[in-house]
Amino acid sequence: MKISKTFRSAIGWAAEKLSEENRRVALGSPYESFAVCLDKPADGESTIYSFREMLIEKDGDFYLVGKNLLG
Amino acid sequence: MRARIEKGQEERIAFFNGLIEEAVARLERCKIMLGEGKTADVCVVDQESSICLKTVIKSRIKENRISLRNGVNDEIEFLDKLSDREFLKSIGIDRKIVPSPLFSKQDAKYGFLFMENIKGPSLKDVIDRKDDLYKLPGSDFDWDAFFSGLDDIVAKLHKAGIYHRDLHAGNIMIENGLPVIIDFGNAYESYLSDENPYEEEGPTGTTIYSSDEKNIEDAKKQIIELYKTQTQ
């Protein structure tokens with residue numbers, strides 16, 4: 001499995017925008033089938049990232065969710 | 001700590017595997033074929049989807065006796081490099097030239113590569129007048145500018161040591177009037193100025209010859225002729 005750097009950057013870009021007010025942020029085009037969120041989604045699959053591993057100066061984790069990638 | 005990281009990686013792989021399984025299952029029910037090659041298919045469920053899936057069918061590589069240099073995990077590296085704005089800027093290109101990649105996976109039978117769905121026809125679609133998925137360029141389309149832009153991209157990539165080596169009408173898309181290059185399954189990055197990028201030593205010691213980029217000249221001639229006829 002290989003995750004592209006371009007996609008990883010898009011995850012980081014969206015994760016930087018997460019805050020108490022914005023607890024879910026959709027990724028930019030063409031990755032809009034994905035979103036990052038502070039709360040583990042109750043339904044559907046997700047995977048956890050730490051802010052630090054995405055080189056964001058913030059403690060804690062966020063979740064990446066994605067569904068219906070092909071439309 | 002190490003155990004936590006390993007568990008996290010396992011969970012992440014399971015997440016992306018789940019997305020692949022979901023996509024494959026949905027394609028079995030409803031598949032729109034965007035491109036069909038000798039070794040791979042490119043499909044979506046909904047034509048408007050911003051992401052498509054390229055599936056390399058490894059049995060076809062054997063059946064067609066094709067020597068494919070890169071697996072999808074190598075191909076995604078080319079797409080990554082050519083999506084990097086800083087790299088593109090460093091070689092004098094100021095716009096998108098390839099689809100944005102997401103992730104890839106190879107197993108014994110298949111290679112899966114998720115990438116941006118370029119919403120436009122290929123030059124092959126234009127030549128074949130295949131307009132069931134996309135509107136084809138009109139008679140006022142500036143083909144001189146299009147091909148001049150394509151030549152410029154290819155020349156700059158060659159100067160940077162990157163050779164596509166399978167550039168034909170099916171691998172050039174038109175997006176917003178501009179060329180986007182797809183399928184880096186046979187691409188090669190050369191680090192030596194004096195080597196021939198179209199010749200490589202194969203696993204059994206034999207020399208493998210790759211297509212140079214001149215195939216695109218045939219497509220140019222066909223399209224220019226086609227549009228000349230249309231406007232007469």
# chains A, B, ... in the order shown; residues from 1 in each chain; ligands from 1
$ select_by_dssp --residues "chain A" --states "strand (DSSP E)" --output "list in words"
Lys2, Ile3, Arg24, Val25, Ala26, Phe34, Ala35, Val36, Cys37, Ser46, Thr47, Ile48, Tyr49, Ser50, Asp61, Phe62, Tyr63, Leu64, Val65 and Gly66 of chain A
$ write_last_selection --atoms "C-alpha atoms" --output "mmCIF file, in the first residue's frame"
data_model
loop_
_atom_site.group_PDB
_atom_site.id
_atom_site.type_symbol
_atom_site.label_atom_id
_atom_site.label_comp_id
_atom_site.auth_asym_id
_atom_site.auth_seq_id
_atom_site.Cartn_x
_atom_site.Cartn_y
_atom_site.Cartn_z
ATOM 1 C CA LYS A 2 1.333 3.386 -0.963
ATOM 2 C CA ILE A 3 -0.284 6.676 0.013
ATOM 3 C CA ARG A 24 -15.214 18.225 10.402
ATOM 4 C CA VAL A 25 -13.438 19.566 7.297
ATOM 5 C CA ALA A 26 -13.762 18.147 3.793
ATOM 6 C CA PHE A 34 -12.704 12.416 2.125
ATOM 7 C CA ALA A 35 -12.997 14.486 5.267
ATOM 8 C CA VAL A 36 -11.053 14.844 8.490
ATOM 9 C CA CYS A 37 -12.818 15.100 11.844
ATOM 10 C CA SER A 46 -12.189 5.775 9.571
ATOM 11 C CA THR A 47 -8.494 5.807 10.331
ATOM 12 C CA ILE A 48 -6.663 7.784 12.950
ATOM 13 C CA TYR A 49 -3.767 10.237 12.444
ATOM 14 C CA SER A 50 -1.933 12.302 14.994
ATOM 15 C CA ASP A 61 -5.465 12.937 16.963
ATOM 16 C CA PHE A 62 -7.947 13.324 14.158
ATOM 17 C CA TYR A 63 -9.815 10.863 11.946
ATOM 18 C CA LEU A 64 -9.800 10.485 8.181
ATOM 19 C CA VAL A 65 -13.065 9.273 6.687
ATOM 20 C CA GLY A 66 -13.840 8.399 3.086
#
$ select_by_dssp --residues "chain A" --states "alpha helix (DSSP H)" --output "ChimeraX atom specification"
/A:5-16
$ closest_residue --among "B:Leu192, B:Leu133, B:Leu19, B:Ile216" --to "Asp166 (chain B)" --atoms "only C-alpha atoms"
B:Ile216
$ residues_around --residues "Ser122 (chain B)" --least-positions-apart "5" --cutoff "9 Å" --atoms "only C-alpha atoms" --output "list in words"
Ile127, Ala169, Gly170, Asn171, Ile172, Met173 and Ile174 of chain B
$ interface_residues --of "chain A" --to "chain B" --cutoff "7 Å" --atoms "only C-alpha atoms" --output "VMD selection string"
chain A and resid 1 to 7 30 45 to 47 68 to 71
$ closest_residue --among "B:Ile66, B:Ala108, B:Val126, B:Ile162" --to "Ala187 (chain B)" --atoms "only C-alpha atoms"
B:Ile162
$ closest_residue --among "B:His168, B:Lys62, B:Arg129, B:Lys119" --to "Lys214 (chain B)" --atoms "only C-alpha atoms"
B:His168
$ atom_distance --atom1 "CA of Glu28 (chain B)" --atom2 "CA of Tyr31 (chain A)"
22.7 Å
$ atom_distance --atom1 "CA of Lys67 (chain A)" --atom2 "CA of Ser33 (chain A)"
6.1 Å
$ closest_residue --among "B:Ala219, B:Tyr191, B:Gln230, B:Ile181" --to "Lys96 (chain B)" --atoms "only C-alpha atoms"
B:Ile181
